[in-house]
$ cat model-v3.cif   # mmCIF, C-alpha atoms
data_coords
#
loop_
_atom_site.group_PDB
_atom_site.id
_atom_site.type_symbol
_atom_site.label_atom_id
_atom_site.label_comp_id
_atom_site.auth_asym_id
_atom_site.auth_seq_id
_atom_site.Cartn_x
_atom_site.Cartn_y
_atom_site.Cartn_z
ATOM 1 C CA MET A 8 10.147 17.971 14.423
ATOM 2 C CA GLY A 9 8.360 15.376 12.287
ATOM 3 C CA LEU A 10 9.577 11.909 11.377
ATOM 4 C CA LEU A 11 9.301 12.738 7.671
ATOM 5 C CA ASP A 12 10.583 16.312 7.630
ATOM 6 C CA GLY A 13 11.749 17.179 4.130
ATOM 7 C CA LYS A 14 10.724 13.837 2.633
ATOM 8 C CA ARG A 15 8.778 13.454 -0.591
ATOM 9 C CA ILE A 16 6.166 10.721 -0.601
ATOM 10 C CA LEU A 17 3.960 9.262 -3.346
ATOM 11 C CA VAL A 18 0.769 7.674 -2.032
ATOM 12 C CA THR A 19 -1.338 5.406 -4.239
ATOM 13 C CA GLY A 20 -4.757 3.978 -3.481
ATOM 14 C CA VAL A 21 -6.599 6.993 -2.076
ATOM 15 C CA LEU A 22 -10.282 6.974 -2.995
ATOM 16 C CA THR A 23 -12.079 8.490 -0.017
ATOM 17 C CA ASP A 24 -11.034 9.804 3.364
ATOM 18 C CA ALA A 25 -11.890 6.355 4.751
ATOM 19 C CA SER A 26 -9.062 4.802 2.710
ATOM 20 C CA LEU A 27 -6.064 3.491 4.611
ATOM 21 C CA ALA A 28 -3.930 5.322 2.058
ATOM 22 C CA PHE A 29 -5.613 8.617 2.974
ATOM 23 C CA ALA A 30 -4.716 8.062 6.630
ATOM 24 C CA VAL A 31 -1.102 7.530 5.559
ATOM 25 C CA ALA A 32 -1.091 10.658 3.379
ATOM 26 C CA ARG A 33 -2.586 12.800 6.132
ATOM 27 C CA LEU A 34 -0.181 11.531 8.776
ATOM 28 C CA ALA A 35 2.773 11.916 6.414
ATOM 29 C CA GLN A 36 1.892 15.590 6.000
ATOM 30 C CA GLN A 37 1.600 15.995 9.762
ATOM 31 C CA HIS A 38 5.111 14.568 10.078
ATOM 32 C CA GLY A 39 6.538 17.083 7.617
ATOM 33 C CA ALA A 40 6.393 15.265 4.270
ATOM 34 C CA GLU A 41 5.413 16.673 0.927
ATOM 35 C CA VAL A 42 2.803 14.354 -0.566
ATOM 36 C CA VAL A 43 1.571 13.544 -4.063
ATOM 37 C CA LEU A 44 -1.325 11.143 -4.717
ATOM 38 C CA SER A 45 -2.215 8.978 -7.684
ATOM 39 C CA GLY A 46 -5.549 7.792 -9.025
ATOM 40 C CA ALA A 47 -6.883 5.878 -11.972
ATOM 41 C CA GLY A 48 -9.927 5.378 -14.152
ATOM 42 C CA ARG A 49 -13.321 6.159 -12.754
ATOM 43 C CA GLY A 50 -11.811 6.640 -9.307
ATOM 44 C CA LEU A 51 -9.580 9.516 -10.416
ATOM 45 C CA SER A 52 -12.238 12.164 -9.783
ATOM 46 C CA LEU A 53 -12.805 10.712 -6.300
ATOM 47 C CA THR A 54 -9.092 10.884 -5.564
ATOM 48 C CA ARG A 55 -8.939 14.517 -6.705
ATOM 49 C CA ARG A 56 -11.926 15.397 -4.529
ATOM 50 C CA THR A 57 -10.421 13.626 -1.507
ATOM 51 C CA ALA A 58 -7.050 15.327 -2.067
ATOM 52 C CA ARG A 59 -8.720 18.613 -1.187
ATOM 53 C CA LYS A 60 -9.165 17.305 2.373
ATOM 54 C CA LEU A 61 -5.394 17.242 2.819
ATOM 55 C CA THR A 62 -3.258 20.259 3.643
ATOM 56 C CA GLY A 63 -2.294 22.517 0.749
ATOM 57 C CA ASP A 64 -2.645 21.948 -2.975
ATOM 58 C CA VAL A 65 -1.903 18.217 -3.312
ATOM 59 C CA GLU A 66 -1.147 17.060 -6.838
ATOM 60 C CA VAL A 67 -2.891 13.928 -8.155
ATOM 61 C CA LEU A 68 -1.196 11.926 -10.892
ATOM 62 C CA GLU A 69 -3.273 9.840 -13.286
ATOM 63 C CA MET A 70 -1.765 6.363 -13.060
ATOM 64 C CA ASP A 71 -3.353 3.039 -13.930
ATOM 65 C CA VAL A 72 -0.790 0.427 -12.875
ATOM 66 C CA THR A 73 -1.953 -1.936 -15.621
ATOM 67 C CA ARG A 74 -1.014 0.605 -18.316
ATOM 68 C CA PRO A 75 2.740 1.003 -18.899
ATOM 69 C CA ASP A 76 2.194 4.272 -20.791
ATOM 70 C CA GLN A 77 0.528 5.866 -17.771
ATOM 71 C CA LEU A 78 3.272 4.641 -15.449
ATOM 72 C CA VAL A 79 5.911 6.193 -17.711
ATOM 73 C CA ALA A 80 3.949 9.442 -17.978
ATOM 74 C CA ALA A 81 3.359 9.644 -14.216
ATOM 75 C CA ALA A 82 7.042 9.058 -13.460
ATOM 76 C CA ALA A 83 8.023 11.760 -15.957
ATOM 77 C CA ALA A 84 5.515 14.197 -14.452
ATOM 78 C CA LEU A 85 6.742 13.565 -10.919
ATOM 79 C CA GLY A 86 10.346 13.828 -12.108
ATOM 80 C CA ARG A 87 9.647 17.361 -13.307
ATOM 81 C CA ARG A 88 8.429 18.245 -9.816
ATOM 82 C CA TRP A 89 10.925 16.363 -7.626
ATOM 83 C CA ASP A 90 14.515 15.187 -8.092
ATOM 84 C CA ARG A 91 14.020 12.154 -5.837
ATOM 85 C CA LEU A 92 11.346 10.048 -4.190
ATOM 86 C CA ASP A 93 11.871 9.218 -0.509
ATOM 87 C CA GLY A 94 8.777 7.118 0.055
ATOM 88 C CA LEU A 95 6.229 5.181 -1.963
ATOM 89 C CA LEU A 96 3.030 3.629 -0.614
ATOM 90 C CA HIS A 97 1.533 0.737 -2.570
ATOM 91 C CA ALA A 98 -2.132 0.521 -1.569
ATOM 92 C CA ILE A 99 -3.526 -1.029 -4.724
ATOM 93 C CA GLY A 100 -5.681 -4.120 -4.926
ATOM 94 C CA PHE A 101 -8.588 -5.432 -6.960
ATOM 95 C CA ALA A 102 -10.179 -8.747 -7.826
ATOM 96 C CA PRO A 103 -13.239 -9.483 -9.989
ATOM 97 C CA PRO A 104 -16.279 -10.733 -8.038
ATOM 98 C CA GLU A 105 -15.678 -14.304 -9.189
ATOM 99 C CA CYS A 106 -12.379 -14.304 -7.275
ATOM 100 C CA LEU A 107 -14.046 -13.735 -3.900
ATOM 101 C CA GLY A 108 -16.797 -15.201 -1.788
ATOM 102 C CA GLY A 109 -15.707 -18.610 -0.544
ATOM 103 C CA ASP A 110 -15.389 -20.812 -3.635
ATOM 104 C CA ILE A 111 -11.845 -20.936 -5.033
ATOM 105 C CA PHE A 112 -13.058 -22.941 -8.074
ATOM 106 C CA ARG A 113 -15.478 -20.288 -9.292
ATOM 107 C CA ALA A 114 -12.900 -17.977 -10.872
ATOM 108 C CA GLN A 115 -11.216 -18.775 -14.176
ATOM 109 C CA TRP A 116 -7.837 -17.564 -15.380
ATOM 110 C CA ASP A 117 -9.323 -14.503 -17.081
ATOM 111 C CA GLN A 118 -10.478 -13.242 -13.677
ATOM 112 C CA VAL A 119 -7.508 -14.532 -11.686
ATOM 113 C CA GLN A 120 -4.922 -12.819 -13.867
ATOM 114 C CA VAL A 121 -6.619 -9.474 -13.211
ATOM 115 C CA ALA A 122 -6.389 -10.017 -9.444
ATOM 116 C CA LEU A 123 -2.726 -11.006 -9.668
ATOM 117 C CA GLN A 124 -1.745 -8.157 -11.971
ATOM 118 C CA VAL A 125 -3.479 -5.390 -10.047
ATOM 119 C CA SER A 126 -2.849 -6.667 -6.522
ATOM 120 C CA ALA A 127 0.661 -8.150 -6.779
ATOM 121 C CA TYR A 128 2.530 -7.520 -10.034
ATOM 122 C CA SER A 129 1.623 -3.829 -9.753
ATOM 123 C CA LEU A 130 4.181 -3.464 -6.946
ATOM 124 C CA LYS A 131 6.964 -4.396 -9.342
ATOM 125 C CA ALA A 132 5.510 -2.212 -12.113
ATOM 126 C CA LEU A 133 5.207 0.767 -9.768
ATOM 127 C CA VAL A 134 8.688 0.424 -8.305
ATOM 128 C CA GLU A 135 10.207 -0.070 -11.754
ATOM 129 C CA ALA A 136 8.613 3.128 -13.076
ATOM 130 C CA PHE A 137 9.906 5.226 -10.157
ATOM 131 C CA ARG A 138 13.152 3.334 -9.587
ATOM 132 C CA PRO A 139 15.496 6.143 -10.719
ATOM 133 C CA MET A 140 13.805 8.600 -8.335
ATOM 134 C CA LEU A 141 13.850 6.075 -5.490
ATOM 135 C CA ALA A 142 17.529 5.356 -6.080
ATOM 136 C CA ALA A 143 18.264 9.097 -6.076
ATOM 137 C CA ALA A 144 17.142 9.265 -2.438
ATOM 138 C CA GLY A 145 20.129 7.157 -1.451
ATOM 139 C CA THR A 146 22.809 9.197 -3.201
ATOM 140 C CA GLU A 147 25.028 11.875 -1.680
ATOM 141 C CA GLY A 148 24.746 10.473 1.834
ATOM 142 C CA GLY A 149 20.971 10.144 1.865
ATOM 143 C CA MET A 150 19.273 7.533 4.034
ATOM 144 C CA GLY A 151 17.649 5.902 1.015
ATOM 145 C CA ALA A 152 14.060 5.396 -0.053
ATOM 146 C CA SER A 153 11.324 3.300 1.520
ATOM 147 C CA VAL A 154 8.637 1.382 -0.358
ATOM 148 C CA VAL A 155 5.749 0.244 1.825
ATOM 149 C CA GLY A 156 2.879 -1.981 0.709
ATOM 150 C CA LEU A 157 -0.407 -2.727 2.462
ATOM 151 C CA ASP A 158 -1.064 -6.408 3.025
ATOM 152 C CA LEU A 159 -3.389 -8.907 4.672
ATOM 153 C CA ASP A 160 -1.374 -11.751 6.176
ATOM 154 C CA ALA A 161 -1.361 -14.536 3.576
ATOM 155 C CA ALA A 162 -0.033 -17.273 5.863
ATOM 156 C CA VAL A 163 -3.489 -18.842 6.202
ATOM 157 C CA ALA A 164 -6.595 -19.357 4.058
ATOM 158 C CA TRP A 165 -9.103 -16.704 5.149
ATOM 159 C CA PRO A 166 -12.876 -17.062 4.724
ATOM 160 C CA VAL A 167 -14.220 -15.459 1.498
ATOM 161 C CA TYR A 168 -10.829 -13.948 0.527
ATOM 162 C CA ASP A 169 -9.945 -16.672 -2.001
ATOM 163 C CA TRP A 170 -7.843 -15.398 -4.938
ATOM 164 C CA MET A 171 -7.101 -12.124 -3.190
ATOM 165 C CA GLY A 172 -5.392 -14.233 -0.558
ATOM 166 C CA VAL A 173 -3.343 -15.874 -3.296
ATOM 167 C CA ALA A 174 -2.515 -12.430 -4.689
ATOM 168 C CA LYS A 175 -1.396 -11.249 -1.250
ATOM 169 C CA ALA A 176 0.853 -14.298 -0.944
ATOM 170 C CA ALA A 177 2.397 -13.311 -4.278
ATOM 171 C CA LEU A 178 2.763 -9.731 -3.040
ATOM 172 C CA GLU A 179 4.592 -10.925 0.066
ATOM 173 C CA SER A 180 7.004 -13.051 -1.950
ATOM 174 C CA LEU A 181 7.539 -10.294 -4.501
ATOM 175 C CA SER A 182 8.369 -7.772 -1.780
ATOM 176 C CA ARG A 183 11.230 -9.987 -0.619
ATOM 177 C CA TYR A 184 12.682 -10.297 -4.126
ATOM 178 C CA LEU A 185 12.388 -6.542 -4.653
ATOM 179 C CA ALA A 186 14.117 -5.990 -1.305
ATOM 180 C CA ARG A 187 16.932 -8.257 -2.515
ATOM 181 C CA ASP A 188 17.370 -6.513 -5.853
ATOM 182 C CA LEU A 189 16.976 -2.916 -4.654
ATOM 183 C CA GLY A 190 19.105 -3.073 -1.527
ATOM 184 C CA SER A 191 22.252 -2.050 -3.360
ATOM 185 C CA GLN A 192 20.495 1.210 -4.278
ATOM 186 C CA ARG A 193 19.474 1.756 -0.638
ATOM 187 C CA VAL A 194 15.800 1.204 -1.426
ATOM 188 C CA ARG A 195 13.957 -0.652 1.326
ATOM 189 C CA VAL A 196 10.814 -2.689 0.591
ATOM 190 C CA ASN A 197 8.485 -3.714 3.422
ATOM 191 C CA LEU A 198 4.824 -4.608 3.925
ATOM 192 C CA VAL A 199 2.350 -3.742 6.661
ATOM 193 C CA ALA A 200 -0.081 -6.598 7.287
ATOM 194 C CA ALA A 201 -3.103 -4.807 8.675
ATOM 195 C CA GLY A 202 -6.154 -6.027 10.491
ATOM 196 C CA PRO A 203 -9.571 -5.234 8.977
ATOM 197 C CA VAL A 204 -10.493 -1.573 8.687
ATOM 198 C CA LYS A 205 -13.801 -0.244 7.364
ATOM 199 C CA THR A 206 -12.822 1.056 3.920
ATOM 200 C CA VAL A 207 -14.375 1.176 0.460
ATOM 201 C CA ALA A 208 -12.165 -1.757 -0.535
ATOM 202 C CA ALA A 209 -13.344 -3.820 2.432
ATOM 203 C CA LYS A 210 -16.990 -3.196 1.590
ATOM 204 C CA SER A 211 -16.436 -4.664 -1.880
ATOM 205 C CA ILE A 212 -15.483 -8.062 -0.407
ATOM 206 C CA PRO A 213 -18.571 -10.239 0.181
ATOM 207 C CA GLY A 214 -18.677 -11.503 3.729
ATOM 208 C CA PHE A 215 -15.871 -9.219 4.931
ATOM 209 C CA SER A 216 -17.929 -8.516 8.031
ATOM 210 C CA THR A 217 -16.816 -11.994 9.123
ATOM 211 C CA PHE A 218 -13.418 -10.450 9.832
ATOM 212 C CA GLU A 219 -14.773 -7.269 11.372
ATOM 213 C CA ASP A 220 -17.168 -9.007 13.750
ATOM 214 C CA THR A 221 -14.646 -11.400 15.305
ATOM 215 C CA TRP A 222 -11.240 -9.715 15.021
ATOM 216 C CA ALA A 223 -11.461 -7.684 18.227
ATOM 217 C CA GLU A 224 -12.342 -10.816 20.226
ATOM 218 C CA ARG A 225 -9.346 -12.729 18.839
ATOM 219 C CA ALA A 226 -6.787 -9.923 19.083
ATOM 220 C CA PRO A 227 -4.735 -9.884 22.315
ATOM 221 C CA LEU A 228 -4.588 -6.088 22.106
ATOM 222 C CA GLY A 229 -8.144 -5.699 20.860
ATOM 223 C CA TRP A 230 -9.019 -4.055 17.558
ATOM 224 C CA ASP A 231 -11.094 -1.109 16.322
ATOM 225 C CA VAL A 232 -12.189 -1.467 12.685
ATOM 226 C CA ARG A 233 -12.748 2.299 12.528
ATOM 227 C CA ASP A 234 -9.175 3.195 13.520
ATOM 228 C CA SER A 235 -7.033 3.517 10.392
ATOM 229 C CA GLU A 236 -4.380 5.615 12.120
ATOM 230 C CA VAL A 237 -2.736 2.649 13.844
ATOM 231 C CA VAL A 238 -1.917 1.242 10.403
ATOM 232 C CA ALA A 239 -0.821 4.636 9.102
ATOM 233 C CA LYS A 240 1.589 5.066 12.019
ATOM 234 C CA ALA A 241 3.379 1.843 11.070
ATOM 235 C CA CYS A 242 3.697 3.012 7.468
ATOM 236 C CA ILE A 243 5.103 6.352 8.578
ATOM 237 C CA GLY A 244 7.596 4.602 10.834
ATOM 238 C CA LEU A 245 8.855 2.432 7.976
ATOM 239 C CA MET A 246 9.132 5.469 5.687
ATOM 240 C CA SER A 247 11.123 7.374 8.289
ATOM 241 C CA ASP A 248 14.830 7.043 9.068
ATOM 242 C CA LEU A 249 14.082 4.950 12.156
ATOM 243 C CA PHE A 250 14.414 1.653 10.241
ATOM 244 C CA PRO A 251 17.430 2.165 7.952
ATOM 245 C CA MET A 252 18.384 -1.527 7.969
ATOM 246 C CA THR A 253 14.930 -3.122 7.747
ATOM 247 C CA THR A 254 13.870 -4.541 4.387
ATOM 248 C CA GLY A 255 11.975 -7.567 3.146
ATOM 249 C CA GLU A 256 9.926 -7.463 6.347
ATOM 250 C CA ILE A 257 6.204 -7.921 7.019
ATOM 251 C CA LEU A 258 5.140 -5.785 9.969
ATOM 252 C CA HIS A 259 1.868 -6.946 11.495
ATOM 253 C CA VAL A 260 -0.511 -4.284 12.737
ATOM 254 C CA ASP A 261 -3.458 -6.480 13.620
ATOM 255 C CA GLY A 262 -3.767 -6.409 17.381
ATOM 256 C CA GLY A 263 -1.758 -9.632 17.545
ATOM 257 C CA VAL A 264 -4.172 -11.947 15.716
ATOM 258 C CA HIS A 265 -1.362 -13.385 13.576
ATOM 259 C CA ALA A 266 0.384 -14.622 16.724
ATOM 260 C CA VAL A 267 -2.471 -16.612 18.245
ATOM 261 C CA GLY A 268 -4.531 -19.599 17.162
ATOM 262 C CA GLY A 269 -8.000 -19.362 15.693
#
$ encode --input "model-v3.cif" --output "structure tokens"
Amino acid sequence: MGLLDGKRILVTGVLTDASLAFAVARLAQQHGAEVVLSGAGRGLSLTRRTARKLTGDVEVLEMDVTRPDQLVAAAAALGRRWDRLDGLLHAIGFAPPECLGGDIFRAQWDQVQVALQVSAYSLKALVEAFRPMLAAAGTEGGMGASVVGLDLDAAVAWPVYDWMGVAKAALESLSRYLARDLGSQRVRVNLVAAGPVKTVAAKSIPGFSTFEDTWAERAPLGWDVRDSEVVAKACIGLMSDLFPMTTGEILHVDGGVHAVGG
């Protein structure tokens, strides 16, 4: 018996099979969930190709979170397939090059607003589009829906992360307000603050190897930058019925780095 037997899960942010979101989608299937992916823009063909590495014929919705028309269309398309949505993974983040690299003054508002919209505001936009389906999971005695977002702990200023760190801080705050406003509909909203994992997204951050090279030494439990499953397991746990009264939480899956000094 799987932790997600009978659940219906939408997973965003899958590009390749090295994506954290792919690890979540694969593990969700192994735990009995039915999974749908989403992709956008030039990455949509990559998402469709990667979907073939999952079990069965996995549907891929076209959904750019910065385009309200695509959000509406994707929600309508999924509504024709499912009558509810039990789980939603937010694994979306992007910042222009000027927003990264170790100089917070380099980026201007034109670049910063892109980072904030895609990496933080998109959580609200995504949840709003699928809110009726998420709320439906809590009707008729259901356990309710679970929204899980991927995070990098924003409590400190990281090297090179710059405006993405600011965006993650906004994401963390936003998740708490969404938890407040969705609780009455039995929709839980939590984040998983993950340690560094070798993904396409990580490679796009200049100097990200700074994290990868030192994290295992700092982590009380150690850390393997090639192991995405430890993060996926936390996401699956939060999407299951094991945490029915947990919302507005940030669950650290980082080997314990957040708990110790630098």
$ residues_around --input "model-v3.cif" --residues "A:Lys60" --least-positions-apart "3" --cutoff "12 Å" --atoms "all atoms listed in the file" --output "ChimeraX atom specification"
/A:21-25,29-30,32-33,36,53-57,63-65
$ atom_distance --input "model-v3.cif" --atom1 "atom CA of A:Thr221" --atom2 "atom CA of A:Gly263"
13.2 Å
$ closest_residue --input "model-v3.cif" --among "A:Trp170, A:Phe137, A:Phe112, A:Trp89" --to "A:Gln124" --atoms "only C-alpha atoms"
A:Trp170
$ resolve_selection --input "model-v3.cif" --expression "the PyMOL selection byres ((chain A and resi 149) around 12)" --output "MDAnalysis selection string"
chainID A and resid 13:14 91:93 141:148 150:153 192:194 248 251
$ residues_around --input "model-v3.cif" --residues "A:Phe101" --least-positions-apart "4" --cutoff "7 Å" --atoms "all atoms listed in the file" --output "MDAnalysis selection string"
chainID A and resid 122 125:126
$ write_last_selection --input "model-v3.cif" --atoms "C-alpha atoms" --output "CSV table (one decimal), keeping the file's coordinate frame"
chain,number,residue,atom,x,y,z
A,122,ALA,CA,-6.4,-10.0,-9.4
A,125,VAL,CA,-3.5,-5.4,-10.0
A,126,SER,CA,-2.8,-6.7,-6.5
$ resolve_selection --input "model-v3.cif" --expression "the PyMOL selection byres ((chain A and resi 129) around 12)" --output "tab-separated table (two decimals) with C-alpha atoms, in the coordinates of the input"
chain	number	residue	atom	x	y	z
A	19	THR	CA	-1.34	5.41	-4.24
A	20	GLY	CA	-4.76	3.98	-3.48
A	70	MET	CA	-1.76	6.36	-13.06
A	71	ASP	CA	-3.35	3.04	-13.93
A	72	VAL	CA	-0.79	0.43	-12.88
A	73	THR	CA	-1.95	-1.94	-15.62
A	74	ARG	CA	-1.01	0.60	-18.32
A	75	PRO	CA	2.74	1.00	-18.90
A	78	LEU	CA	3.27	4.64	-15.45
A	96	LEU	CA	3.03	3.63	-0.61
A	97	HIS	CA	1.53	0.74	-2.57
A	98	ALA	CA	-2.13	0.52	-1.57
A	99	ILE	CA	-3.53	-1.03	-4.72
A	100	GLY	CA	-5.68	-4.12	-4.93
A	101	PHE	CA	-8.59	-5.43	-6.96
A	120	GLN	CA	-4.92	-12.82	-13.87
A	121	VAL	CA	-6.62	-9.47	-13.21
A	122	ALA	CA	-6.39	-10.02	-9.44
A	123	LEU	CA	-2.73	-11.01	-9.67
A	124	GLN	CA	-1.74	-8.16	-11.97
A	125	VAL	CA	-3.48	-5.39	-10.05
A	126	SER	CA	-2.85	-6.67	-6.52
A	127	ALA	CA	0.66	-8.15	-6.78
A	128	TYR	CA	2.53	-7.52	-10.03
A	130	LEU	CA	4.18	-3.46	-6.95
A	131	LYS	CA	6.96	-4.40	-9.34
A	132	ALA	CA	5.51	-2.21	-12.11
A	133	LEU	CA	5.21	0.77	-9.77
A	134	VAL	CA	8.69	0.42	-8.30
A	135	GLU	CA	10.21	-0.07	-11.75
A	136	ALA	CA	8.61	3.13	-13.08
A	156	GLY	CA	2.88	-1.98	0.71
A	174	ALA	CA	-2.52	-12.43	-4.69
A	175	LYS	CA	-1.40	-11.25	-1.25
A	177	ALA	CA	2.40	-13.31	-4.28
A	178	LEU	CA	2.76	-9.73	-3.04
A	181	LEU	CA	7.54	-10.29	-4.50
A	182	SER	CA	8.37	-7.77	-1.78
$ resolve_selection --input "model-v3.cif" --expression "the PyMOL selection byres ((chain A and resi 249) around 12)" --output "list of chain:residue names"
A:Gly9, A:Leu10, A:Leu11, A:Met150, A:Gly151, A:Ser153, A:Ala241, A:Cys242, A:Ile243, A:Gly244, A:Leu245, A:Met246, A:Ser247, A:Asp248, A:Phe250, A:Pro251, A:Met252, A:Thr253
$ write_last_selection --input "model-v3.cif" --atoms "C-alpha atoms" --output "PDB file, keeping the file's coordinate frame"
ATOM      1  CA  GLY A   9       8.360  15.376  12.287  1.00  0.00           C
ATOM      2  CA  LEU A  10       9.577  11.909  11.377  1.00  0.00           C
ATOM      3  CA  LEU A  11       9.301  12.738   7.671  1.00  0.00           C
ATOM      4  CA  MET A 150      19.273   7.533   4.034  1.00  0.00           C
ATOM      5  CA  GLY A 151      17.649   5.902   1.015  1.00  0.00           C
ATOM      6  CA  SER A 153      11.324   3.300   1.520  1.00  0.00           C
ATOM      7  CA  ALA A 241       3.379   1.843  11.070  1.00  0.00           C
ATOM      8  CA  CYS A 242       3.697   3.012   7.468  1.00  0.00           C
ATOM      9  CA  ILE A 243       5.103   6.352   8.578  1.00  0.00           C
ATOM     10  CA  GLY A 244       7.596   4.602  10.834  1.00  0.00           C
ATOM     11  CA  LEU A 245       8.855   2.432   7.976  1.00  0.00           C
ATOM     12  CA  MET A 246       9.132   5.469   5.687  1.00  0.00           C
ATOM     13  CA  SER A 247      11.123   7.374   8.289  1.00  0.00           C
ATOM     14  CA  ASP A 248      14.830   7.043   9.068  1.00  0.00           C
ATOM     15  CA  PHE A 250      14.414   1.653  10.241  1.00  0.00           C
ATOM     16  CA  PRO A 251      17.430   2.165   7.952  1.00  0.00           C
ATOM     17  CA  MET A 252      18.384  -1.527   7.969  1.00  0.00           C
ATOM     18  CA  THR A 253      14.930  -3.122   7.747  1.00  0.00           C
TER      19      THR A 253
END
$ closest_residue --input "model-v3.cif" --among "A:Arg195, A:Arg49, A:Val18, A:Glu41" --to "A:Leu68" --atoms "only C-alpha atoms"
A:Val18
$ atom_distance --input "model-v3.cif" --atom1 "atom CA of A:Cys106" --atom2 "atom CA of A:Ala162"
18.3 Å
$ atom_distance --input "model-v3.cif" --atom1 "atom CA of A:Val237" --atom2 "atom CA of A:Gly190"
27.3 Å
$ closest_residue --input "model-v3.cif" --among "A:Asp90, A:Glu224, A:Glu236, A:Asp160" --to "A:Gly202" --atoms "only C-alpha atoms"
A:Asp160
$ closest_residue --input "model-v3.cif" --among "A:Leu95, A:Val167, A:Met140, A:Ile257" --to "A:Asp110" --atoms "all atoms listed in the file"
A:Val167
